[in-house]
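Visitor: Sending over upload28.pdb (PDB, C-alpha atoms).
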ATOM      1  CA  MET A   1      73.868  81.273  89.123
ATOM      2  CA  ASN A   2      73.921  80.325  92.810
ATOM      3  CA  ALA A   3      74.905  82.812  95.507
ATOM      4  CA  ILE A   4      78.408  81.436  96.086
ATOM      5  CA  ALA A   5      79.328  81.460  92.387
ATOM      6  CA  LYS A   6      77.863  84.958  92.016
ATOM      7  CA  ASN A   7      79.862  86.167  94.986
ATOM      8  CA  ALA A   8      83.049  84.582  93.637
ATOM      9  CA  SER A   9      82.617  86.270  90.277
ATOM     10  CA  SER A  10      82.009  89.689  91.868
ATOM     11  CA  VAL A  11      85.162  89.256  93.984
ATOM     12  CA  LYS A  12      87.050  88.366  90.802
ATOM     13  CA  SER A  13      85.820  91.426  88.897
ATOM     14  CA  GLY A  14      86.539  93.625  91.943
ATOM     15  CA  LEU A  15      90.096  92.327  92.001
ATOM     16  CA  ALA A  16      90.548  92.881  88.255
ATOM     17  CA  GLN A  17      89.241  96.445  88.475
ATOM     18  CA  ALA A  18      91.355  97.274  91.516
ATOM     19  CA  LEU A  19      94.399  95.923  89.691
ATOM     20  CA  MET A  20      93.650  98.011  86.607
ATOM     21  CA  VAL A  21      93.162 101.190  88.641
ATOM     22  CA  ALA A  22      96.382 100.537  90.594
ATOM     23  CA  VAL A  23      98.387  99.999  87.380
ATOM     24  CA  PHE A  24      96.923 103.237  85.997
ATOM     25  CA  GLY A  25      98.011 105.061  89.176
ATOM     26  CA  ILE A  26     101.523 103.595  89.039
ATOM     27  CA  GLY A  27     101.728 104.713  85.395
ATOM     28  CA  ILE A  28     100.888 108.297  86.367
ATOM     29  CA  VAL A  29     103.471 108.316  89.185
ATOM     30  CA  PHE A  30     106.071 106.888  86.790
ATOM     31  CA  VAL A  31     105.443 109.480  84.061
ATOM     32  CA  ALA A  32     105.142 112.465  86.428
ATOM     33  CA  GLY A  33     107.913 111.434  88.802
ATOM     34  CA  HIS A  34     110.448 109.226  87.058
ATOM     35  CA  LEU A  35     110.456 109.438  83.251
ATOM     36  CA  GLN A  36     113.706 111.160  82.248
ATOM     37  CA  ALA A  37     112.500 112.879  79.024
ATOM     38  CA  SER A  38     114.024 116.328  79.376
ATOM     39  CA  ALA A  39     110.847 118.415  78.894
ATOM     40  CA  LEU A  40     109.084 116.315  81.541
ATOM     41  CA  HIS A  41     112.089 116.463  83.842
ATOM     42  CA  ASP A  42     112.285 120.261  83.649
ATOM     43  CA  ALA A  43     108.551 120.735  84.178
ATOM     44  CA  ALA A  44     108.356 118.351  87.125
ATOM     45  CA  HIS A  45     111.768 119.262  88.577
ATOM     46  CA  ASP A  46     110.689 120.991  91.797
ATOM     47  CA  VAL A  47     107.980 118.447  92.617
ATOM     48  CA  ARG A  48     110.385 115.560  91.986
ATOM     49  CA  HIS A  49     112.874 116.987  94.462
ATOM     50  CA  ALA A  50     110.197 117.915  96.996
ATOM     51  CA  THR A  51     108.599 114.452  96.926
ATOM     52  CA  GLY A  52     111.933 112.667  97.325
ATOM     53  CA  PHE A  53     112.091 111.053  93.866
ATOM     54  CA  PRO A  54     115.581 110.468  92.488
ATOM     55  CA  CYS A  55     115.786 113.390  90.057
ATOM     56  CA  HIS A  56     119.016 113.839  88.109
TER      57      HIS A  56
ATOM     58  CA  MET B  57      82.745  99.684  91.048
ATOM     59  CA  ALA B  58      85.246 101.063  88.539
ATOM     60  CA  SER B  59      83.559 104.476  88.528
ATOM     61  CA  ARG B  60      83.522 104.477  92.347
ATOM     62  CA  LEU B  61      87.262 103.739  92.361
ATOM     63  CA  LEU B  62      88.099 106.395  89.782
ATOM     64  CA  THR B  63      85.813 109.147  91.100
ATOM     65  CA  SER B  64      86.945 108.894  94.713
ATOM     66  CA  ALA B  65      90.632 108.644  93.735
ATOM     67  CA  LEU B  66      90.447 111.670  91.431
ATOM     68  CA  PHE B  67      88.769 113.878  94.052
ATOM     69  CA  ALA B  68      91.049 112.784  96.896
ATOM     70  CA  GLY B  69      94.256 112.897  94.838
ATOM     71  CA  PHE B  70      93.565 116.280  93.297
ATOM     72  CA  CYS B  71      92.727 117.929  96.658
ATOM     73  CA  ALA B  72      95.728 116.380  98.438
ATOM     74  CA  GLY B  73      97.976 117.368  95.515
ATOM     75  CA  LEU B  74      96.863 121.001  95.742
ATOM     76  CA  VAL B  75      97.545 121.098  99.487
ATOM     77  CA  ALA B  76     100.915 119.382  98.937
ATOM     78  CA  ALA B  77     101.811 122.057  96.361
ATOM     79  CA  LEU B  78     100.833 124.838  98.758
ATOM     80  CA  LEU B  79     102.934 123.321 101.565
ATOM     81  CA  GLN B  80     105.781 122.861  99.096
ATOM     82  CA  PHE B  81     105.731 126.556  98.194
ATOM     83  CA  VAL B  82     105.802 127.647 101.831
ATOM     84  CA  PHE B  83     108.268 125.162 103.325
ATOM     85  CA  VAL B  84     110.303 123.395 100.622
ATOM     86  CA  GLN B  85     110.640 125.801  97.691
ATOM     87  CA  PRO B  86     112.629 128.490  99.579
ATOM     88  CA  VAL B  87     115.227 125.880 100.612
ATOM     89  CA  LEU B  88     115.336 124.524  97.050
ATOM     90  CA  LEU B  89     115.831 127.995  95.507
ATOM     91  CA  HIS B  90     118.489 128.779  98.090
ATOM     92  CA  ALA B  91     120.356 125.550  97.237
ATOM     93  CA  GLU B  92     120.157 126.328  93.513
ATOM     94  CA  LEU B  93     122.225 129.475  94.141
ATOM     95  CA  TYR B  94     125.028 127.173  95.316
ATOM     96  CA  GLU B  95     124.360 124.661  92.522
ATOM     97  CA  SER B  96     124.763 127.394  89.891
ATOM     98  CA  GLY B  97     127.830 128.879  91.597
ATOM     99  CA  GLN B  98     126.206 132.227  92.468
ATOM    100  CA  LEU B  99     126.969 131.449  96.092
ATOM    101  CA  VAL B 100     130.077 129.549  97.188
ATOM    102  CA  HIS B 101     130.243 127.494 100.353
ATOM    103  CA  PHE B 102     133.545 128.043 102.239
ATOM    104  CA  GLY B 103     134.589 130.853  99.878
ATOM    105  CA  ALA B 104     136.813 133.754 100.932
ATOM    106  CA  GLU B 105     133.877 135.742 102.367
ATOM    107  CA  PRO B 106     131.207 134.403 104.740
ATOM    108  CA  VAL B 107     127.882 134.032 102.890
ATOM    109  CA  SER B 108     124.592 135.311 104.334
ATOM    110  CA  ALA B 109     122.180 132.543 105.287
ATOM    111  CA  ASP B 110     119.278 134.702 104.065
ATOM    112  CA  PRO B 111     119.888 135.547 100.399
ATOM    113  CA  ASP B 112     117.314 137.211  98.139
ATOM    114  CA  LEU B 113     115.495 134.297  96.511
ATOM    115  CA  GLY B 114     113.560 136.346  93.987
ATOM    116  CA  GLY B 115     109.799 136.561  93.608
ATOM    117  CA  LEU B 116     107.184 134.163  92.295
ATOM    118  CA  ASP B 117     107.958 132.401  89.003
ATOM    119  CA  LEU B 118     104.428 131.908  87.694
ATOM    120  CA  MET B 119     105.199 129.333  84.975
ATOM    121  CA  ARG B 120     107.508 127.281  87.176
ATOM    122  CA  ASP B 121     105.104 127.277  90.128
ATOM    123  CA  ALA B 122     102.057 126.510  87.970
ATOM    124  CA  LEU B 123     103.874 123.442  86.624
ATOM    125  CA  SER B 124     104.617 122.403  90.208
ATOM    126  CA  VAL B 125     100.907 122.593  91.071
ATOM    127  CA  ILE B 126     100.002 120.469  88.019
ATOM    128  CA  PHE B 127     102.642 117.832  88.718
ATOM    129  CA  SER B 128     101.877 117.719  92.420
ATOM    130  CA  ALA B 129      98.188 117.096  91.602
ATOM    131  CA  LEU B 130      99.241 114.407  89.104
ATOM    132  CA  VAL B 131     101.574 112.580  91.492
ATOM    133  CA  TYR B 132      99.039 112.544  94.338
ATOM    134  CA  THR B 133      96.268 111.432  91.954
ATOM    135  CA  GLY B 134      98.515 108.538  90.948
ATOM    136  CA  TYR B 135      99.057 107.691  94.614
ATOM    137  CA  ALA B 136      95.310 107.982  95.287
ATOM    138  CA  LEU B 137      94.476 105.504  92.510
ATOM    139  CA  VAL B 138      96.800 102.913  94.036
ATOM    140  CA  LEU B 139      95.632 103.609  97.600
ATOM    141  CA  ILE B 140      91.916 103.396  96.718
ATOM    142  CA  ALA B 141      92.493 100.162  94.784
ATOM    143  CA  VAL B 142      94.131  98.552  97.821
ATOM    144  CA  MET B 143      91.460 100.015 100.149
ATOM    145  CA  SER B 144      88.714  98.460  98.011
ATOM    146  CA  LEU B 145      90.349  95.033  98.308
ATOM    147  CA  ALA B 146      90.732  95.462 102.079
ATOM    148  CA  GLU B 147      87.071  96.432 102.376
ATOM    149  CA  ALA B 148      86.029  93.383 100.365
ATOM    150  CA  SER B 149      87.775  91.235 102.972
ATOM    151  CA  GLY B 150      86.135  93.000 105.911
ATOM    152  CA  ALA B 151      88.125  96.164 106.766
ATOM    153  CA  GLY B 152      86.141  99.351 107.464
ATOM    154  CA  ILE B 153      87.172 102.213 105.152
ATOM    155  CA  THR B 154      86.229 105.695 106.408
ATOM    156  CA  ALA B 155      87.818 109.132 106.666
ATOM    157  CA  ARG B 156      88.994 108.164 110.166
ATOM    158  CA  THR B 157      90.570 104.793 109.264
ATOM    159  CA  GLY B 158      91.935 106.531 106.160
ATOM    160  CA  LEU B 159      94.309 108.454 108.434
ATOM    161  CA  ILE B 160      96.281 105.327 109.236
ATOM    162  CA  TRP B 161      96.248 104.301 105.556
ATOM    163  CA  GLY B 162      97.771 107.695 104.822
ATOM    164  CA  VAL B 163     100.526 107.217 107.390
ATOM    165  CA  ALA B 164     101.234 103.771 105.913
ATOM    166  CA  GLY B 165     101.394 105.260 102.409
ATOM    167  CA  PHE B 166     103.815 107.913 103.634
ATOM    168  CA  VAL B 167     106.029 105.238 105.191
ATOM    169  CA  ALA B 168     106.006 103.217 101.951
ATOM    170  CA  VAL B 169     106.765 105.959  99.415
ATOM    171  CA  HIS B 170     108.525 108.680 101.434
ATOM    172  CA  LEU B 171     109.998 107.511 104.723
ATOM    173  CA  ALA B 172     111.318 104.078 103.732
ATOM    174  CA  PRO B 173     113.183 105.264 100.603
ATOM    175  CA  ALA B 174     114.437 108.314 102.564
ATOM    176  CA  VAL B 175     116.077 106.130 105.212
ATOM    177  CA  SER B 176     118.806 105.178 102.730
ATOM    178  CA  LEU B 177     118.267 107.741  99.946
ATOM    179  CA  PRO B 178     117.214 111.009 101.622
ATOM    180  CA  PRO B 179     115.289 113.587  99.537
ATOM    181  CA  GLU B 180     117.978 115.343  97.503
ATOM    182  CA  VAL B 181     118.279 119.097  97.331
ATOM    183  CA  PRO B 182     119.562 120.301  93.913
ATOM    184  CA  GLY B 183     123.371 120.461  93.834
ATOM    185  CA  VAL B 184     124.307 117.434  95.920
ATOM    186  CA  ALA B 185     126.387 114.544  94.607
ATOM    187  CA  ALA B 186     124.404 111.404  93.726
ATOM    188  CA  ALA B 187     124.818 108.027  92.012
ATOM    189  CA  ASP B 188     123.397 107.186  88.571
ATOM    190  CA  VAL B 189     119.738 108.264  88.422
ATOM    191  CA  PHE B 190     118.549 105.008  86.781
ATOM    192  CA  LEU B 191     120.070 102.875  89.552
ATOM    193  CA  ARG B 192     118.562 105.120  92.219
ATOM    194  CA  GLN B 193     115.131 104.856  90.551
ATOM    195  CA  ILE B 194     115.311 101.053  90.472
ATOM    196  CA  TRP B 195     116.263 101.020  94.156
ATOM    197  CA  TRP B 196     113.440 103.491  94.939
ATOM    198  CA  TRP B 197     110.752 101.378  93.236
ATOM    199  CA  ALA B 198     112.034  98.138  94.777
ATOM    200  CA  THR B 199     112.021  99.732  98.238
ATOM    201  CA  VAL B 200     108.512 101.122  97.817
ATOM    202  CA  VAL B 201     107.138  97.756  96.631
ATOM    203  CA  ALA B 202     108.931  95.780  99.389
ATOM    204  CA  THR B 203     107.790  98.224 102.100
ATOM    205  CA  GLY B 204     104.217  98.296 100.785
ATOM    206  CA  ILE B 205     103.970  94.492 100.847
ATOM    207  CA  ALA B 206     105.582  94.440 104.315
ATOM    208  CA  LEU B 207     103.029  96.910 105.719
ATOM    209  CA  ALA B 208     100.149  94.886 104.242
ATOM    210  CA  LEU B 209     101.574  91.732 105.863
ATOM    211  CA  LEU B 210     101.936  93.525 109.222
ATOM    212  CA  ALA B 211      98.385  94.877 109.091
ATOM    213  CA  PHE B 212      96.507  91.925 107.633
ATOM    214  CA  GLY B 213      98.801  88.931 108.228
ATOM    215  CA  ARG B 214      97.667  86.415 110.841
ATOM    216  CA  SER B 215     100.780  84.348 111.485
ATOM    217  CA  TRP B 216     104.322  84.756 112.741
ATOM    218  CA  MET B 217     105.420  83.682 109.274
ATOM    219  CA  ALA B 218     103.679  86.739 107.752
ATOM    220  CA  TRP B 219     105.011  89.154 110.368
ATOM    221  CA  GLY B 220     108.537  87.718 110.109
ATOM    222  CA  SER B 221     108.504  88.097 106.319
ATOM    223  CA  ALA B 222     107.331  91.693 106.794
ATOM    224  CA  ILE B 223     110.347  92.532 108.937
ATOM    225  CA  VAL B 224     112.703  90.959 106.384
ATOM    226  CA  LEU B 225     111.059  92.979 103.582
ATOM    227  CA  LEU B 226     111.275  96.202 105.607
ATOM    228  CA  ALA B 227     114.975  95.768 106.353
ATOM    229  CA  ALA B 228     116.234  94.206 103.106
ATOM    230  CA  PRO B 229     116.456  97.354 100.920
ATOM    231  CA  HIS B 230     118.553  99.076 103.578
ATOM    232  CA  LEU B 231     120.781  96.077 104.257
ATOM    233  CA  ILE B 232     121.399  95.719 100.501
ATOM    234  CA  GLY B 233     121.991  99.486 100.418
ATOM    235  CA  ALA B 234     121.010 102.313  98.091
ATOM    236  CA  PRO B 235     123.265 103.478  95.242
ATOM    237  CA  HIS B 236     125.572 106.228  96.520
ATOM    238  CA  PRO B 237     128.155 108.342  94.665
ATOM    239  CA  ASP B 238     131.841 107.304  94.590
ATOM    240  CA  SER B 239     132.867 110.641  96.036
ATOM    241  CA  PHE B 240     131.069 113.560  97.664
ATOM    242  CA  SER B 241     131.389 116.617  95.465
ATOM    243  CA  GLY B 242     128.180 118.497  96.343
ATOM    244  CA  ARG B 243     128.416 122.277  96.554
ATOM    245  CA  VAL B 244     125.413 122.823  98.813
ATOM    246  CA  PRO B 245     125.963 123.447 102.553
ATOM    247  CA  PRO B 246     124.953 120.435 104.694
ATOM    248  CA  GLU B 247     122.684 122.729 106.736
ATOM    249  CA  LEU B 248     120.535 123.316 103.638
ATOM    250  CA  ALA B 249     120.557 119.670 102.542
ATOM    251  CA  ALA B 250     119.427 118.522 105.999
ATOM    252  CA  LEU B 251     116.695 121.150 106.199
ATOM    253  CA  PHE B 252     115.509 120.211 102.723
ATOM    254  CA  ALA B 253     115.240 116.497 103.564
ATOM    255  CA  ALA B 254     113.396 117.195 106.820
ATOM    256  CA  ARG B 255     110.993 119.651 105.182
ATOM    257  CA  ALA B 256     110.294 117.308 102.243
ATOM    258  CA  LEU B 257     109.445 114.498 104.683
ATOM    259  CA  GLY B 258     107.274 116.753 106.852
ATOM    260  CA  VAL B 259     105.282 118.001 103.878
ATOM    261  CA  GLY B 260     105.026 114.428 102.574
ATOM    262  CA  LEU B 261     103.553 113.233 105.882
ATOM    263  CA  ALA B 262     100.996 116.053 105.998
ATOM    264  CA  ALA B 263      99.940 115.477 102.380
ATOM    265  CA  TRP B 264      99.693 111.700 102.801
ATOM    266  CA  VAL B 265      97.640 111.834 105.999
ATOM    267  CA  LEU B 266      95.244 114.151 104.186
ATOM    268  CA  LEU B 267      95.281 111.886 101.119
ATOM    269  CA  GLY B 268      94.453 108.789 103.181
ATOM    270  CA  SER B 269      91.627 110.493 105.003
ATOM    271  CA  LEU B 270      90.159 111.981 101.808
ATOM    272  CA  CYS B 271      90.400 108.603 100.039
ATOM    273  CA  GLY B 272      88.464 107.010 102.931
ATOM    274  CA  TYR B 273      85.905 109.811 102.911
ATOM    275  CA  PHE B 274      85.252 109.854  99.165
ATOM    276  CA  TRP B 275      85.287 106.047  98.917
ATOM    277  CA  GLN B 276      82.584 105.768 101.586
ATOM    278  CA  ARG B 277      80.572 108.682 100.176
ATOM    279  CA  GLU B 278      80.672 107.370  96.603
ATOM    280  CA  GLY B 279      79.572 103.965  97.904
ATOM    281  CA  LEU B 280      76.528 105.453  99.640
ATOM    282  CA  ARG B 281      75.675 107.581  96.603
ATOM    283  CA  GLN B 282      75.876 104.643  94.200
ATOM    284  CA  THR B 283      73.780 102.437  96.507
ATOM    285  CA  ALA B 284      71.174 105.197  96.751
ATOM    286  CA  THR B 285      70.946 105.642  92.969
ATOM    287  CA  ALA B 286      71.143 101.902  92.151
TER     288      ALA B 286
END
Please render this file's structure as structure tokens.
Guide:
Amino acid sequence: MNAIAKNASSVKSGLAQALMVAVFGIGIVFVAGHLQASALHDAAHDVRHATGFPCH
Amino acid sequence: MASRLLTSALFAGFCAGLVAALLQFVFVQPVLLHAELYESGQLVHFGAEPVSADPDLGGLDLMRDALSVIFSALVYTGYALVLIAVMSLAEASGAGITARTGLIWGVAGFVAVHLAPAVSLPPEVPGVAAADVFLRQIWWWATVVATGIALALLAFGRSWMAWGSAIVLLAAPHLIGAPHPDSFSGRVPPELAALFAARALGVGLAAWVLLGSLCGYFWQREGLRQTATA
């Protein structure tokens, strides 16, 4: 594999990994901050208000 | 690469989340508990008798506060994962990521997820009137995404086209407008609601600046460590 192709493939895998990690992070913020299941809502209530998420 | 992303995000997010929780307990929680007395009807705004502005808010509620610490750590870890992912892409295209440059990343993150949504949908204290929660959540996410893209275009764009699009994206959510209630029926005094919004934003800024700096620090440190052991 020549240097340019190698570089291109490492950029591609870097992008894929960054995307995966970002989606994982968004998932956590969604579950902790936005999901309206009532047990979750009650547990996260104060943090949701304090971080400015729409709460109830 | 993936382990560098995850390790630095987990460290930075967890630490920033703990500090955010501590700041929340000192500055935000007393206002929130005070407002809940009005929400539940224990205190009445504009009742027959004047109401003291310093009611007894009760002591520590261990279960409730422990849950706040856990969720604060979770939320900031989620933010850290997104921030580190974007930082890694910026570094790949030549930006320097350190604890010092992380400060400005933190301010940008604060603008995207706290300040921009707050401009049209201020942090709500319990007991105020609000529109449908689902509609507000959609508007919140759309605003955060639009503002995030706009800030990236401002920082890394190289043409007037990019900067112009950024301004349109920054303004659009507010020109379209956030969902608001049909009538105002909140029972909480405006003094408390204003203090709550200001405190929530202040704590958010402090936590995000710390988060950005820690993300930069751990990202750089993990990079050096992995190069040394490779």
Visitor: Report, in Å to a single decimal, how far apart atom CA of B:Pro179 and atom CA of B:Phe166 are.
Guide: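 Distance between the two atoms: 13.4 Å.
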Visitor: Pick out the closest residue to chain B from this set: A:Ala8, A:Ala50, A:Ala39, A:Met20. Count all atoms listed in the file.
Guide: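 That would be A:Ala50, the residue with the smallest distance to chain B.
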Visitor: Kindly provide, as a PDB file with C-alpha atoms, keeping the file's coordinate frame, the residues of chain B having any atom no farther than 9 Å from an atom of chain A, counting all atoms listed in the file.
Guide:
ATOM      1  CA  MET B  57      82.745  99.684  91.048  1.00  0.00           C
ATOM      2  CA  ALA B  58      85.246 101.063  88.539  1.00  0.00           C
ATOM      3  CA  LEU B  61      87.262 103.739  92.361  1.00  0.00           C
ATOM      4  CA  LEU B  62      88.099 106.395  89.782  1.00  0.00           C
ATOM      5  CA  ALA B  77     101.811 122.057  96.361  1.00  0.00           C
ATOM      6  CA  GLN B  80     105.781 122.861  99.096  1.00  0.00           C
ATOM      7  CA  VAL B  84     110.303 123.395 100.622  1.00  0.00           C
ATOM      8  CA  GLN B  85     110.640 125.801  97.691  1.00  0.00           C
ATOM      9  CA  LEU B  88     115.336 124.524  97.050  1.00  0.00           C
ATOM     10  CA  ARG B 120     107.508 127.281  87.176  1.00  0.00           C
ATOM     11  CA  ASP B 121     105.104 127.277  90.128  1.00  0.00           C
ATOM     12  CA  LEU B 123     103.874 123.442  86.624  1.00  0.00           C
ATOM     13  CA  SER B 124     104.617 122.403  90.208  1.00  0.00           C
ATOM     14  CA  VAL B 125     100.907 122.593  91.071  1.00  0.00           C
ATOM     15  CA  ILE B 126     100.002 120.469  88.019  1.00  0.00           C
ATOM     16  CA  PHE B 127     102.642 117.832  88.718  1.00  0.00           C
ATOM     17  CA  SER B 128     101.877 117.719  92.420  1.00  0.00           C
ATOM     18  CA  LEU B 130      99.241 114.407  89.104  1.00  0.00           C
ATOM     19  CA  VAL B 131     101.574 112.580  91.492  1.00  0.00           C
ATOM     20  CA  TYR B 132      99.039 112.544  94.338  1.00  0.00           C
ATOM     21  CA  THR B 133      96.268 111.432  91.954  1.00  0.00           C
ATOM     22  CA  GLY B 134      98.515 108.538  90.948  1.00  0.00           C
ATOM     23  CA  TYR B 135      99.057 107.691  94.614  1.00  0.00           C
ATOM     24  CA  ALA B 136      95.310 107.982  95.287  1.00  0.00           C
ATOM     25  CA  LEU B 137      94.476 105.504  92.510  1.00  0.00           C
ATOM     26  CA  VAL B 138      96.800 102.913  94.036  1.00  0.00           C
ATOM     27  CA  LEU B 139      95.632 103.609  97.600  1.00  0.00           C
ATOM     28  CA  ILE B 140      91.916 103.396  96.718  1.00  0.00           C
ATOM     29  CA  ALA B 141      92.493 100.162  94.784  1.00  0.00           C
ATOM     30  CA  VAL B 142      94.131  98.552  97.821  1.00  0.00           C
ATOM     31  CA  SER B 144      88.714  98.460  98.011  1.00  0.00           C
ATOM     32  CA  LEU B 145      90.349  95.033  98.308  1.00  0.00           C
ATOM     33  CA  ALA B 148      86.029  93.383 100.365  1.00  0.00           C
ATOM     34  CA  VAL B 169     106.765 105.959  99.415  1.00  0.00           C
ATOM     35  CA  HIS B 170     108.525 108.680 101.434  1.00  0.00           C
ATOM     36  CA  PRO B 173     113.183 105.264 100.603  1.00  0.00           C
ATOM     37  CA  ALA B 174     114.437 108.314 102.564  1.00  0.00           C
ATOM     38  CA  LEU B 177     118.267 107.741  99.946  1.00  0.00           C
ATOM     39  CA  PRO B 178     117.214 111.009 101.622  1.00  0.00           C
ATOM     40  CA  PRO B 179     115.289 113.587  99.537  1.00  0.00           C
ATOM     41  CA  GLU B 180     117.978 115.343  97.503  1.00  0.00           C
ATOM     42  CA  VAL B 181     118.279 119.097  97.331  1.00  0.00           C
ATOM     43  CA  PRO B 182     119.562 120.301  93.913  1.00  0.00           C
ATOM     44  CA  ALA B 186     124.404 111.404  93.726  1.00  0.00           C
ATOM     45  CA  ASP B 188     123.397 107.186  88.571  1.00  0.00           C
ATOM     46  CA  VAL B 189     119.738 108.264  88.422  1.00  0.00           C
ATOM     47  CA  PHE B 190     118.549 105.008  86.781  1.00  0.00           C
ATOM     48  CA  ARG B 192     118.562 105.120  92.219  1.00  0.00           C
ATOM     49  CA  GLN B 193     115.131 104.856  90.551  1.00  0.00           C
ATOM     50  CA  TRP B 196     113.440 103.491  94.939  1.00  0.00           C
ATOM     51  CA  PHE B 252     115.509 120.211 102.723  1.00  0.00           C
ATOM     52  CA  ALA B 253     115.240 116.497 103.564  1.00  0.00           C
ATOM     53  CA  ARG B 255     110.993 119.651 105.182  1.00  0.00           C
ATOM     54  CA  ALA B 256     110.294 117.308 102.243  1.00  0.00           C
ATOM     55  CA  LEU B 257     109.445 114.498 104.683  1.00  0.00           C
ATOM     56  CA  VAL B 259     105.282 118.001 103.878  1.00  0.00           C
ATOM     57  CA  GLY B 260     105.026 114.428 102.574  1.00  0.00           C
TER      58      GLY B 260
END
Visitor: With all atoms listed in the file as the counted atoms, please give the residues lying no more than 12 Å from stretch 101-108 of chain B, apart from itself and same-chain residues fewer than 4 positions off, as a PDB file with C-alpha atoms, in the frame of the given file.
Guide:
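Okay, selection.pdb is ready:
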ATOM      1  CA  HIS B  90     118.489 128.779  98.090  1.00  0.00           C
ATOM      2  CA  ALA B  91     120.356 125.550  97.237  1.00  0.00           C
ATOM      3  CA  LEU B  93     122.225 129.475  94.141  1.00  0.00           C
ATOM      4  CA  TYR B  94     125.028 127.173  95.316  1.00  0.00           C
ATOM      5  CA  GLU B  95     124.360 124.661  92.522  1.00  0.00           C
ATOM      6  CA  SER B  96     124.763 127.394  89.891  1.00  0.00           C
ATOM      7  CA  GLY B  97     127.830 128.879  91.597  1.00  0.00           C
ATOM      8  CA  ASP B 112     117.314 137.211  98.139  1.00  0.00           C
ATOM      9  CA  GLY B 183     123.371 120.461  93.834  1.00  0.00           C
ATOM     10  CA  SER B 241     131.389 116.617  95.465  1.00  0.00           C
ATOM     11  CA  GLY B 242     128.180 118.497  96.343  1.00  0.00           C
ATOM     12  CA  ARG B 243     128.416 122.277  96.554  1.00  0.00           C
ATOM     13  CA  VAL B 244     125.413 122.823  98.813  1.00  0.00           C
ATOM     14  CA  PRO B 245     125.963 123.447 102.553  1.00  0.00           C
ATOM     15  CA  PRO B 246     124.953 120.435 104.694  1.00  0.00           C
ATOM     16  CA  GLU B 247     122.684 122.729 106.736  1.00  0.00           C
ATOM     17  CA  LEU B 248     120.535 123.316 103.638  1.00  0.00           C
TER      18      LEU B 248
END
Visitor: Rounded to one decimal in Å, what is the spacing between atom CA of B:Leu66 and atom CA of B:Ala155?
Guide: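 Between these atoms lies a distance of 15.7 Å.
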Visitor: Smallest atom-to-atom distance to B:Pro229: which of B:Ser176, B:Leu266, B:Gly279, B:Val184, using all atoms listed in the file?
Guide: B:Ser176
Visitor: Measure the distance from atom CA of B:Ser149 to atom CA of B:Val224 in Å and round it to one decimal.
Guide: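 Atom-to-atom, atom CA of B:Ser149 and atom CA of B:Val224 are spaced 25.2 Å apart.
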Visitor: Please determine, counting all atoms listed in the file, which residue among B:Gln276, B:Thr283, B:Ser239, B:Ser221 has the shortest atom-to-atom distance to B:Ala202.
Guide: B:Ser221
